[in-house]
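Have a look at data_23.txt; it's compact mmCIF, C-alpha atoms:
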# COMPACT_ATOMS: atom_id res chain seq x y z
CA MET A 1 114.12 130.30 111.26
CA TYR A 2 110.93 128.57 112.36
CA LEU A 3 107.61 130.40 112.43
CA SER A 4 105.78 131.10 115.67
CA ASP A 5 102.00 130.90 115.99
CA VAL A 6 101.74 134.61 115.19
CA ASP A 7 103.76 134.21 112.00
CA LEU A 8 101.98 130.96 111.04
CA ARG A 9 98.61 132.74 111.15
CA GLN A 10 100.03 135.72 109.26
CA ALA A 11 101.57 133.49 106.58
CA VAL A 12 98.24 131.73 106.01
CA GLN A 13 96.43 135.05 105.90
CA ASP A 14 98.94 136.42 103.36
CA GLY A 15 98.64 133.31 101.16
CA ASP A 16 102.29 132.37 101.69
CA LEU A 17 101.37 129.20 103.58
CA ILE A 18 98.60 126.85 102.48
CA VAL A 19 96.76 124.93 105.20
CA GLU A 20 93.20 124.14 104.12
CA PRO A 21 91.13 123.81 106.19
CA LEU A 22 93.06 125.68 108.85
CA PRO A 23 92.51 124.15 112.31
CA THR A 24 92.36 127.56 113.95
CA GLU A 25 92.18 126.27 117.53
CA GLU A 26 94.99 123.77 117.07
CA ILE A 27 97.86 126.09 116.34
CA GLY A 28 100.55 125.61 118.96
CA PRO A 29 103.41 127.96 119.76
CA THR A 30 105.37 126.78 116.71
CA SER A 31 103.17 124.18 114.97
CA ILE A 32 99.80 123.40 113.42
CA ASP A 33 98.08 120.08 114.12
CA LEU A 34 97.26 117.88 111.12
CA HIS A 35 94.43 115.36 111.10
CA LEU A 36 93.67 112.05 109.44
CA ASP A 37 91.30 112.29 106.50
CA SER A 38 88.27 110.03 106.09
CA ILE A 39 88.77 106.31 106.71
CA GLU A 40 88.48 105.68 102.95
CA GLU A 41 91.84 107.46 102.59
CA ALA A 42 93.61 104.81 104.67
CA LYS A 43 95.44 102.38 102.36
CA VAL A 44 97.65 99.33 102.64
CA TRP A 45 99.79 97.38 100.23
CA ASP A 46 98.13 94.22 98.93
CA CYS A 47 101.22 92.06 99.35
CA GLU A 48 99.48 88.80 98.45
CA ARG A 49 98.33 90.20 95.13
CA PHE A 50 101.77 91.65 94.55
CA ALA A 51 103.38 88.26 95.24
CA ARG A 52 101.01 86.52 92.79
CA HIS A 53 101.81 89.14 90.15
CA ASN A 54 105.56 88.75 90.63
CA LYS A 55 105.31 84.98 90.57
CA GLU A 56 103.46 85.12 87.25
CA LEU A 57 106.33 87.20 85.89
CA GLY A 58 108.89 84.73 87.20
CA LEU A 59 110.17 87.17 89.82
CA GLN A 60 110.82 86.67 93.50
CA PRO A 61 107.33 86.99 95.03
CA LYS A 62 108.12 89.56 97.71
CA GLU A 63 110.82 91.64 96.05
CA LEU A 64 110.14 95.24 95.07
CA ASN A 65 112.72 97.35 93.30
CA ALA A 66 112.21 100.27 95.67
CA ALA A 67 114.27 102.96 93.99
CA ARG A 68 113.59 101.99 90.38
CA MET A 69 109.92 101.08 90.43
CA ASN A 70 107.34 103.16 88.62
CA TYR A 71 105.53 104.22 91.78
CA GLY A 72 102.36 105.39 90.07
CA ALA A 73 101.89 102.07 88.32
CA VAL A 74 102.74 99.99 91.38
CA SER A 75 100.48 101.95 93.70
CA ARG A 76 97.64 101.88 91.20
CA GLN A 77 97.82 98.09 91.08
CA PHE A 78 98.66 97.11 94.62
CA MET A 79 97.53 99.81 97.05
CA THR A 80 94.13 99.05 98.48
CA SER A 81 91.81 99.66 101.41
CA PRO A 82 92.43 97.65 104.60
CA LEU A 83 90.33 94.53 105.00
CA ARG A 84 87.34 94.53 107.30
CA GLU A 85 88.02 92.73 110.57
CA ALA A 86 85.70 89.86 109.68
CA ASP A 87 87.62 89.26 106.44
CA ALA A 88 91.09 89.62 107.92
CA ARG A 89 92.82 86.33 108.55
CA GLU A 90 95.03 85.88 111.58
CA GLY A 91 98.28 87.71 111.22
CA VAL A 92 96.91 90.69 109.31
CA LEU A 93 98.47 93.75 110.93
CA VAL A 94 96.11 96.46 109.64
CA PHE A 95 92.35 96.09 109.39
CA ARG A 96 89.15 98.09 109.65
CA ARG A 97 86.69 97.75 112.50
CA GLU A 98 83.58 99.90 111.89
CA ASP A 99 84.92 103.48 111.66
CA ALA A 100 88.39 102.72 113.00
CA ILE A 101 91.63 101.35 111.63
CA ILE A 102 93.43 98.92 113.91
CA LEU A 103 97.18 99.12 113.51
CA ARG A 104 98.93 96.21 115.15
CA PRO A 105 102.63 96.23 116.06
CA TYR A 106 104.74 96.49 112.89
CA GLY A 107 101.67 97.10 110.76
CA PHE A 108 102.02 99.69 108.00
CA VAL A 109 99.25 101.96 106.76
CA VAL A 110 99.39 104.92 104.41
CA TRP A 111 96.83 107.60 105.25
CA GLN A 112 96.44 111.13 103.95
CA THR A 113 95.83 114.23 105.99
CA LYS A 114 92.52 116.05 105.84
CA GLU A 115 94.44 119.27 105.30
CA ILE A 116 96.00 120.39 102.04
CA VAL A 117 99.37 121.79 103.02
CA GLY A 118 102.18 123.58 101.23
CA THR A 119 103.37 126.78 99.66
CA PRO A 120 102.51 128.67 96.45
CA GLU A 121 104.16 127.62 93.19
CA THR A 122 105.77 131.01 92.76
CA ASN A 123 107.60 133.24 95.19
CA ALA A 124 107.56 130.56 97.89
CA LYS A 125 108.99 131.77 101.17
CA PHE A 126 108.72 128.69 103.37
CA ILE A 127 109.55 125.02 103.66
CA CYS A 128 107.36 122.77 105.81
CA PHE A 129 108.05 119.71 107.92
CA ILE A 130 105.81 116.96 109.24
CA ASN A 131 106.45 115.76 112.76
CA GLY A 132 104.77 113.34 115.09
CA LYS A 133 103.08 114.46 118.26
CA SER A 134 105.00 113.47 121.36
CA THR A 135 102.23 111.76 123.33
CA ARG A 136 101.23 109.68 120.29
CA SER A 137 104.86 108.82 119.71
CA ARG A 138 105.10 107.36 123.20
CA THR A 139 102.61 104.69 122.17
CA GLY A 140 104.93 103.67 119.35
CA LEU A 141 103.06 105.46 116.57
CA ILE A 142 105.29 106.71 113.78
CA VAL A 143 103.54 109.05 111.34
CA HIS A 144 106.13 109.38 108.63
CA LEU A 145 109.07 107.31 107.54
CA THR A 146 112.07 109.45 106.69
CA ALA A 147 110.21 111.80 104.36
CA PRO A 148 109.09 114.73 106.52
CA THR A 149 109.83 117.56 104.10
CA ILE A 150 107.25 119.43 102.06
CA HIS A 151 109.43 121.23 99.58
CA ALA A 152 108.81 124.85 98.73
CA THR A 153 106.36 125.38 95.83
CA TRP A 154 104.47 122.09 96.39
CA SER A 155 101.05 121.68 97.96
CA GLY A 156 98.61 118.84 98.46
CA ASN A 157 97.19 116.40 100.99
CA ILE A 158 100.09 114.96 102.95
CA THR A 159 100.57 111.22 102.77
CA LEU A 160 101.52 109.83 106.17
CA GLU A 161 103.45 106.57 106.15
CA MET A 162 102.37 105.22 109.52
CA THR A 163 103.68 102.28 111.44
CA ASN A 164 103.33 100.97 114.95
CA CYS A 165 106.58 100.35 116.78
CA GLY A 166 104.93 99.96 120.16
CA PRO A 167 103.43 97.05 122.07
CA PHE A 168 99.72 97.93 121.69
CA ASP A 169 97.19 97.52 118.92
CA LEU A 170 96.62 101.18 118.03
CA VAL A 171 93.14 102.40 117.12
CA LEU A 172 92.99 105.28 114.65
CA HIS A 173 90.01 107.32 113.50
CA ALA A 174 89.36 109.93 110.84
CA GLY A 175 89.95 113.36 112.31
CA ASP A 176 92.57 112.21 114.81
CA ALA A 177 95.34 114.77 115.26
CA VAL A 178 98.37 112.53 114.80
CA ALA A 179 100.90 114.88 113.23
CA GLN A 180 101.99 118.47 113.36
CA LEU A 181 103.36 120.90 110.84
CA THR A 182 106.32 123.15 111.45
CA VAL A 183 107.32 125.83 108.99
CA ALA A 184 110.65 127.49 108.34
CA LYS A 185 111.67 130.45 106.25
CA ILE A 186 113.94 129.79 103.29
CA THR A 187 116.71 132.16 102.32
CA ARG A 188 115.04 133.22 99.07
CA PRO A 189 112.36 131.91 96.68
CA PRO A 190 113.57 129.00 94.50
CA GLU A 191 114.50 130.06 90.97
CA GLY A 192 113.88 126.81 89.22
CA ASP A 193 113.20 123.33 90.35
CA ILE A 194 114.59 122.91 93.83
CA ARG A 195 115.46 119.29 93.16
CA LEU A 196 117.22 119.80 89.84
CA SER A 197 120.70 119.29 91.21
CA ALA A 198 119.83 115.87 92.58
CA THR A 199 119.04 114.45 89.17
CA HIS A 200 121.04 116.66 86.86
CA GLY A 201 122.24 114.62 83.90
CA GLN A 202 119.86 111.76 84.50
CA THR A 203 118.60 110.33 81.26
CA SER A 204 116.52 107.37 82.38
CA VAL A 205 113.41 107.58 84.47
CA HIS A 206 114.58 104.45 86.22
CA GLY A 207 118.11 105.69 86.76
CA ALA A 208 119.87 104.82 89.97
CA ASP A 209 119.82 108.48 90.95
CA SER A 210 116.03 108.75 90.58
CA ASN A 211 114.50 111.46 92.67
CA THR A 212 112.42 110.85 95.74
CA PRO A 213 108.86 112.15 95.56
CA SER A 214 107.73 114.71 98.08
CA THR A 215 106.24 113.49 101.31
CA MET B 1 117.84 130.64 85.20
CA ALA B 2 114.25 130.47 86.39
CA ALA B 3 112.19 127.55 85.16
CA ALA B 4 108.95 128.24 83.32
CA PHE B 5 105.69 126.57 84.11
CA GLY B 6 103.84 124.47 81.59
CA HIS B 7 101.67 121.43 81.06
CA ILE B 8 102.54 118.14 79.44
CA ASP B 9 100.26 115.73 77.64
CA CYS B 10 99.75 112.56 79.64
CA LYS B 11 97.36 109.77 80.53
CA LEU B 12 95.54 110.20 83.82
CA TYR B 13 94.35 107.39 86.08
CA PRO B 14 92.68 107.35 89.49
CA SER B 15 95.07 107.05 92.43
CA ALA B 16 94.53 105.08 95.61
CA PHE B 17 93.77 108.45 97.25
CA SER B 18 90.89 110.70 96.29
CA GLY B 19 93.04 113.83 96.33
CA GLU B 20 95.62 112.45 93.91
CA LEU B 21 95.88 111.19 90.35
CA VAL B 22 98.37 108.92 88.64
CA PHE B 23 99.86 110.47 85.50
CA GLN B 24 101.65 108.54 82.78
CA VAL B 25 104.16 110.33 80.60
CA ASP B 26 106.05 108.92 77.62
CA THR B 27 109.73 109.83 77.62
CA THR B 28 112.14 110.12 74.72
CA THR B 29 113.94 106.96 75.81
CA GLY B 30 110.80 104.99 75.02
CA GLU B 31 110.13 104.37 78.69
CA SER B 32 106.91 105.36 80.31
CA TYR B 33 106.91 107.09 83.68
CA GLU B 34 103.97 106.89 86.06
CA GLY B 35 103.96 109.29 88.96
CA ILE B 36 101.47 110.78 91.35
CA ALA B 37 100.22 114.32 91.69
CA PRO B 38 97.63 116.13 93.77
CA LYS B 39 94.54 116.64 91.64
CA HIS B 40 95.04 120.39 91.29
CA TYR B 41 98.20 119.75 89.25
CA ALA B 42 96.30 117.85 86.55
CA ASN B 43 93.32 118.37 84.30
CA SER B 44 91.29 116.41 81.82
CA SER B 45 87.97 116.93 80.07
CA VAL B 46 86.55 113.77 81.61
CA GLN B 47 86.99 111.99 84.93
CA PRO B 48 90.02 109.66 84.90
CA THR B 49 89.17 105.97 84.71
CA GLN B 50 91.09 102.74 85.28
CA ASN B 51 91.71 102.62 81.51
CA GLY B 52 93.24 106.09 81.57
CA VAL B 53 92.08 109.28 79.90
CA ASP B 54 93.95 111.92 77.96
CA GLY B 55 94.90 114.90 80.08
CA ARG B 56 97.65 117.22 81.12
CA VAL B 57 99.79 117.58 84.22
CA LYS B 58 101.59 120.68 85.36
CA VAL B 59 105.37 120.75 84.99
CA ARG B 60 108.31 123.05 85.39
CA VAL B 61 110.05 123.38 82.06
CA LEU B 62 113.76 123.30 82.76
CA SER B 63 114.89 123.45 79.15
CA ASN B 64 113.10 123.33 75.85
CA GLY B 65 115.06 123.33 72.66
CA GLY B 66 114.88 121.32 69.46
CA ASP B 67 112.89 118.14 69.67
CA LYS B 68 113.33 117.48 73.36
CA ALA B 69 112.42 119.22 76.60
CA ARG B 70 113.46 118.60 80.18
CA VAL B 71 110.62 118.90 82.63
CA SER B 72 110.10 118.39 86.33
CA VAL B 73 106.81 116.69 87.16
CA PRO B 74 104.94 117.29 90.44
CA ASP B 75 106.49 114.34 92.29
CA GLY B 76 109.95 115.78 91.65
CA GLN B 77 111.04 113.43 88.88
CA ILE B 78 112.90 115.05 86.00
CA LEU B 79 112.08 113.65 82.59
CA THR B 80 113.20 114.19 79.03
CA VAL B 81 110.15 114.30 76.80
CA SER B 82 109.21 115.19 73.27
CA ALA B 83 108.99 118.98 73.06
CA ASP B 84 105.73 118.88 71.14
CA LYS B 85 104.01 117.41 74.20
CA VAL B 86 104.95 120.41 76.33
CA HIS B 87 102.74 123.48 76.47
CA GLU B 88 104.42 126.38 78.23
CA ILE B 89 102.24 128.84 80.09
Conversion result in structure tokens:
Amino acid sequence: MYLSDVDLRQAVQDGDLIVEPLPTEEIGPTSIDLHLDSIEEAKVWDCERFARHNKELGLQPKELNAARMNYGAVSRQFMTSPLREADAREGVLVFRREDAIILRPYGFVVWQTKEIVGTPETNAKFICFINGKSTRSRTGLIVHLTAPTIHATWSGNITLEMTNCGPFDLVLHAGDAVAQLTVAKITRPPEGDIRLSATHGQTSVHGADSNTPST
Amino acid sequence: MAAAFGHIDCKLYPSAFSGELVFQVDTTTGESYEGIAPKHYANSSVQPTQNGVDGRVKVRVLSNGGDKARVSVPDGQILTVSADKVHEI
């Protein structure tokens, strides 16, 4: 059962739903708008550096072991701020122009929300979902790639995996409302870790059944 | 059975995002796991640096018996770690 605007406000007021800061005027009938954080929170993968690193290790330059990588280590090494326009060679699909990020068709940028979103660690009553906003979607803007769920008991800034599937160069600014949050009631508070069953019996952190991080 | 909350000893590094940290945990297999967590799940006495600082990250303790414990870290990964690194709340 999804929450209406009345219940969304009540849930925030009761501390059962975390949305900080709460965009009080941007609560729709069944959703809350989410906004891009400062432009410094927009990041891209430094694929050239990654390729050099792989080559030094004798690996295929562009290959990334997606399900078995140590994400923290990889992101720490190879996630960086987009280049300034003047420094971006032809063909770069994401770059910064003054206070805007330009996202060209098939460019990929990872950008966090200004809002911290989620539910309390104990006695969580809700699960949250990130969705695009329809008018933005019509331009080809995708704000998350297959990971829309904010599991019960987790909270934090939401990382949007954004790509441009449309024909235009999209211009994005800090504060833009590009996504919306919907919230549903769960049958009962989770007892233990909600994702335990997915990795039960796993003994290696790089096991084939490694868990997927939250959005 | 309900899982208990706790903290686990780890190394903390800055993340690409200001609201997150990278935590590095040693597992009993000898492998090291590096995950990400919002800052409020981690703490350290000094600001994390690129060289890493000692700190702790919040976990759910799924089982803790003998020398080993099974914990769930904030990004959802389940790890088997040395029990003496786990501090239940």
Report as a Markdown table: every residue of chain B with an atom at most 8 Å from chain A, its closest pair of atoms, and their distance in Å to one decimal, counting only C-alpha atoms, with rows sorted by chain and ascending residue number.
| residue | atom | partner | partner_atom | distance |
| --- | --- | --- | --- | --- |
| B:Met1 | CA | A:Glu191 | CA | 6.7 |
| B:Ala2 | CA | A:Glu191 | CA | 4.6 |
| B:Ala3 | CA | A:Gly192 | CA | 4.5 |
| B:Ala4 | CA | A:Gly192 | CA | 7.8 |
| B:Pro14 | CA | A:Arg76 | CA | 7.6 |
| B:Ser15 | CA | A:Arg76 | CA | 5.9 |
| B:Ala16 | CA | A:Met79 | CA | 6.2 |
| B:Phe17 | CA | A:Glu41 | CA | 5.8 |
| B:Ser18 | CA | A:Glu41 | CA | 7.1 |
| B:Gly19 | CA | A:Asn157 | CA | 6.7 |
| B:Val22 | CA | A:Gly72 | CA | 5.5 |
| B:Phe23 | CA | A:Gly72 | CA | 7.3 |
| B:Gln24 | CA | A:Gly72 | CA | 8.0 |
| B:Thr29 | CA | A:Ser204 | CA | 7.1 |
| B:Glu31 | CA | A:Val205 | CA | 7.4 |
| B:Tyr33 | CA | A:Asn70 | CA | 6.3 |
| B:Glu34 | CA | A:Gly72 | CA | 4.6 |
| B:Gly35 | CA | A:Gly72 | CA | 4.4 |
| B:Ile36 | CA | A:Gly72 | CA | 5.6 |
| B:Pro38 | CA | A:Gly156 | CA | 5.5 |
| B:Arg60 | CA | A:Asp193 | CA | 7.0 |
| B:Leu62 | CA | A:Gly192 | CA | 7.4 |
| B:Ser72 | CA | A:Asp193 | CA | 7.1 |
| B:Pro74 | CA | A:Trp154 | CA | 7.7 |
| B:Asp75 | CA | A:Pro213 | CA | 4.6 |
| B:Gly76 | CA | A:Pro213 | CA | 5.4 |
| B:Gln77 | CA | A:Asn211 | CA | 5.5 |
| B:Ile78 | CA | A:Thr199 | CA | 6.9 |
| B:Leu79 | CA | A:Val205 | CA | 6.5 |
| B:Thr80 | CA | A:Thr203 | CA | 7.0 |
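Separating CA of Ile89 (chain B) from CA of Asp26 (chain B) is a distance of 20.4 Å.
For the pair CA of Asn51 (chain B) and CA of Tyr13 (chain B), the separation is 7.1 Å.
The shortest atom-to-atom distance to Leu160 (chain A), with all atoms listed in the file taken into account, belongs to A:Leu36 out of A:Leu36, A:Ile127, A:Ala177, A:Ala66.
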(request) Write out as a list in words each polymer residue whose atoms come within 7 Å of Asn64 (chain B), counting only C-alpha atoms; drop sequence neighbours fewer than 5 positions from it. (result) Ala69, Arg70 and Ala83 of chain B
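Atom pair CA of Val183 (chain A) / CA of His144 (chain A): separated by 16.5 Å.
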(request) Find the residues near Phe108 (chain A): any atom within 8 Å, counting all atoms listed in the file, skip ones fewer than 6 places away on the same chain, and give them as a ChimeraX atom specification. (result) /A:44,93-94,161-164
(message) Residues near Tyr41 (chain B), anyone? I mean within 7 Å using all atoms listed in the file, not counting same-chain ones fewer than 2 positions away, as number ranges by chain.
(response) B: 37-39, 57-58
Please produce a file of those selected residues containing C-alpha atoms, as an mmCIF file, in the frame of the given file.
data_model
loop_
_atom_site.group_PDB
_atom_site.id
_atom_site.type_symbol
_atom_site.label_atom_id
_atom_site.label_comp_id
_atom_site.auth_asym_id
_atom_site.auth_seq_id
_atom_site.Cartn_x
_atom_site.Cartn_y
_atom_site.Cartn_z
ATOM 1 C CA ALA B 37 100.220 114.320 91.690
ATOM 2 C CA PRO B 38 97.630 116.130 93.770
ATOM 3 C CA LYS B 39 94.540 116.640 91.640
ATOM 4 C CA VAL B 57 99.790 117.580 84.220
ATOM 5 C CA LYS B 58 101.590 120.680 85.360
#
Taking N, CA and C atoms as the atom set, what does region 27-63 of chain B look like once completed, written as a PDB file, keeping the file's coordinate frame?
ATOM      1  N   THR B  27     108.465 109.109  77.700  1.00  0.00           N
ATOM      2  CA  THR B  27     109.730 109.830  77.620  1.00  0.00           C
ATOM      3  C   THR B  27     110.422 109.524  76.293  1.00  0.00           C
ATOM      4  N   THR B  28     111.451 110.290  76.012  1.00  0.00           N
ATOM      5  CA  THR B  28     112.140 110.120  74.720  1.00  0.00           C
ATOM      6  C   THR B  28     112.963 108.833  74.670  1.00  0.00           C
ATOM      7  N   THR B  29     113.189 108.221  75.822  1.00  0.00           N
ATOM      8  CA  THR B  29     113.940 106.960  75.810  1.00  0.00           C
ATOM      9  C   THR B  29     113.040 105.778  75.434  1.00  0.00           C
ATOM     10  N   GLY B  30     111.745 106.057  75.324  1.00  0.00           N
ATOM     11  CA  GLY B  30     110.800 104.990  75.020  1.00  0.00           C
ATOM     12  C   GLY B  30     110.180 104.405  76.286  1.00  0.00           C
ATOM     13  N   GLU B  31     110.715 104.822  77.432  1.00  0.00           N
ATOM     14  CA  GLU B  31     110.130 104.370  78.690  1.00  0.00           C
ATOM     15  C   GLU B  31     108.935 105.235  79.047  1.00  0.00           C
ATOM     16  N   SER B  32     108.069 104.635  79.830  1.00  0.00           N
ATOM     17  CA  SER B  32     106.910 105.360  80.310  1.00  0.00           C
ATOM     18  C   SER B  32     107.092 105.592  81.796  1.00  0.00           C
ATOM     19  N   TYR B  33     106.794 106.797  82.246  1.00  0.00           N
ATOM     20  CA  TYR B  33     106.910 107.090  83.680  1.00  0.00           C
ATOM     21  C   TYR B  33     105.529 107.316  84.258  1.00  0.00           C
ATOM     22  N   GLU B  34     105.241 106.661  85.361  1.00  0.00           N
ATOM     23  CA  GLU B  34     103.970 106.890  86.060  1.00  0.00           C
ATOM     24  C   GLU B  34     104.265 107.453  87.434  1.00  0.00           C
ATOM     25  N   GLY B  35     103.764 108.640  87.667  1.00  0.00           N
ATOM     26  CA  GLY B  35     103.960 109.290  88.960  1.00  0.00           C
ATOM     27  C   GLY B  35     102.626 109.694  89.553  1.00  0.00           C
ATOM     28  N   ILE B  36     102.692 110.329  90.695  1.00  0.00           N
ATOM     29  CA  ILE B  36     101.470 110.780  91.350  1.00  0.00           C
ATOM     30  C   ILE B  36     101.501 112.290  91.513  1.00  0.00           C
ATOM     31  N   ALA B  37     100.321 112.871  91.510  1.00  0.00           N
ATOM     32  CA  ALA B  37     100.220 114.320  91.690  1.00  0.00           C
ATOM     33  C   ALA B  37      98.900 114.649  92.372  1.00  0.00           C
ATOM     34  N   PRO B  38      98.913 115.633  93.267  1.00  0.00           N
ATOM     35  CA  PRO B  38      97.630 116.130  93.770  1.00  0.00           C
ATOM     36  C   PRO B  38      96.750 116.552  92.587  1.00  0.00           C
ATOM     37  N   LYS B  39      95.449 116.410  92.758  1.00  0.00           N
ATOM     38  CA  LYS B  39      94.540 116.640  91.640  1.00  0.00           C
ATOM     39  C   LYS B  39      94.671 118.035  91.022  1.00  0.00           C
ATOM     40  N   HIS B  40      95.008 119.026  91.845  1.00  0.00           N
ATOM     41  CA  HIS B  40      95.040 120.390  91.290  1.00  0.00           C
ATOM     42  C   HIS B  40      96.220 120.619  90.347  1.00  0.00           C
ATOM     43  N   TYR B  41      97.112 119.632  90.222  1.00  0.00           N
ATOM     44  CA  TYR B  41      98.200 119.750  89.250  1.00  0.00           C
ATOM     45  C   TYR B  41      97.834 119.157  87.894  1.00  0.00           C
ATOM     46  N   ALA B  42      96.661 118.551  87.791  1.00  0.00           N
ATOM     47  CA  ALA B  42      96.300 117.850  86.550  1.00  0.00           C
ATOM     48  C   ALA B  42      94.927 118.281  86.086  1.00  0.00           C
ATOM     49  N   ASN B  43      94.673 118.114  84.802  1.00  0.00           N
ATOM     50  CA  ASN B  43      93.320 118.370  84.300  1.00  0.00           C
ATOM     51  C   ASN B  43      93.030 117.498  83.100  1.00  0.00           C
ATOM     52  N   SER B  44      91.760 117.186  82.964  1.00  0.00           N
ATOM     53  CA  SER B  44      91.290 116.410  81.820  1.00  0.00           C
ATOM     54  C   SER B  44      89.830 116.775  81.595  1.00  0.00           C
ATOM     55  N   SER B  45      89.350 116.528  80.378  1.00  0.00           N
ATOM     56  CA  SER B  45      87.970 116.930  80.070  1.00  0.00           C
ATOM     57  C   SER B  45      86.975 115.953  80.689  1.00  0.00           C
ATOM     58  N   VAL B  46      87.434 114.747  80.960  1.00  0.00           N
ATOM     59  CA  VAL B  46      86.550 113.770  81.610  1.00  0.00           C
ATOM     60  C   VAL B  46      87.250 113.183  82.833  1.00  0.00           C
ATOM     61  N   GLN B  47      86.459 112.591  83.698  1.00  0.00           N
ATOM     62  CA  GLN B  47      86.990 111.990  84.930  1.00  0.00           C
ATOM     63  C   GLN B  47      87.933 110.833  84.589  1.00  0.00           C
ATOM     64  N   PRO B  48      89.113 110.791  85.171  1.00  0.00           N
ATOM     65  CA  PRO B  48      90.020 109.660  84.900  1.00  0.00           C
ATOM     66  C   PRO B  48      89.404 108.312  85.291  1.00  0.00           C
ATOM     67  N   THR B  49      89.676 107.314  84.465  1.00  0.00           N
ATOM     68  CA  THR B  49      89.170 105.970  84.710  1.00  0.00           C
ATOM     69  C   THR B  49      90.336 104.994  84.802  1.00  0.00           C
ATOM     70  N   GLN B  50      90.036 103.750  85.159  1.00  0.00           N
ATOM     71  CA  GLN B  50      91.090 102.740  85.280  1.00  0.00           C
ATOM     72  C   GLN B  50      91.792 102.494  83.943  1.00  0.00           C
ATOM     73  N   ASN B  51      91.108 102.791  82.831  1.00  0.00           N
ATOM     74  CA  ASN B  51      91.710 102.620  81.510  1.00  0.00           C
ATOM     75  C   ASN B  51      92.561 103.815  81.101  1.00  0.00           C
ATOM     76  N   GLY B  52      92.474 104.886  81.878  1.00  0.00           N
ATOM     77  CA  GLY B  52      93.240 106.090  81.570  1.00  0.00           C
ATOM     78  C   GLY B  52      92.495 107.002  80.602  1.00  0.00           C
ATOM     79  N   VAL B  53      92.656 108.285  80.817  1.00  0.00           N
ATOM     80  CA  VAL B  53      92.080 109.280  79.900  1.00  0.00           C
ATOM     81  C   VAL B  53      93.167 110.271  79.524  1.00  0.00           C
ATOM     82  N   ASP B  54      92.987 110.898  78.370  1.00  0.00           N
ATOM     83  CA  ASP B  54      93.950 111.920  77.960  1.00  0.00           C
ATOM     84  C   ASP B  54      93.812 113.145  78.857  1.00  0.00           C
ATOM     85  N   GLY B  55      94.932 113.709  79.230  1.00  0.00           N
ATOM     86  CA  GLY B  55      94.900 114.900  80.080  1.00  0.00           C
ATOM     87  C   GLY B  55      96.239 115.590  80.066  1.00  0.00           C
ATOM     88  N   ARG B  56      96.381 116.503  80.986  1.00  0.00           N
ATOM     89  CA  ARG B  56      97.650 117.220  81.120  1.00  0.00           C
ATOM     90  C   ARG B  56      98.023 117.341  82.589  1.00  0.00           C
ATOM     91  N   VAL B  57      99.316 117.378  82.853  1.00  0.00           N
ATOM     92  CA  VAL B  57      99.790 117.580  84.220  1.00  0.00           C
ATOM     93  C   VAL B  57     100.776 118.745  84.211  1.00  0.00           C
ATOM     94  N   LYS B  58     100.748 119.500  85.270  1.00  0.00           N
ATOM     95  CA  LYS B  58     101.590 120.680  85.360  1.00  0.00           C
ATOM     96  C   LYS B  58     103.053 120.290  85.536  1.00  0.00           C
ATOM     97  N   VAL B  59     103.932 121.018  84.884  1.00  0.00           N
ATOM     98  CA  VAL B  59     105.370 120.750  84.990  1.00  0.00           C
ATOM     99  C   VAL B  59     106.134 122.065  85.097  1.00  0.00           C
ATOM    100  N   ARG B  60     107.361 121.956  85.542  1.00  0.00           N
ATOM    101  CA  ARG B  60     108.310 123.050  85.390  1.00  0.00           C
ATOM    102  C   ARG B  60     109.167 122.715  84.178  1.00  0.00           C
ATOM    103  N   VAL B  61     109.261 123.619  83.264  1.00  0.00           N
ATOM    104  CA  VAL B  61     110.050 123.380  82.060  1.00  0.00           C
ATOM    105  C   VAL B  61     111.462 123.890  82.324  1.00  0.00           C
ATOM    106  N   LEU B  62     112.393 122.948  82.408  1.00  0.00           N
ATOM    107  CA  LEU B  62     113.760 123.300  82.760  1.00  0.00           C
ATOM    108  C   LEU B  62     114.568 123.705  81.541  1.00  0.00           C
ATOM    109  N   SER B  63     114.275 123.046  80.417  1.00  0.00           N
ATOM    110  CA  SER B  63     114.890 123.450  79.150  1.00  0.00           C
ATOM    111  C   SER B  63     113.981 122.962  78.034  1.00  0.00           C
TER     112      SER B  63
END
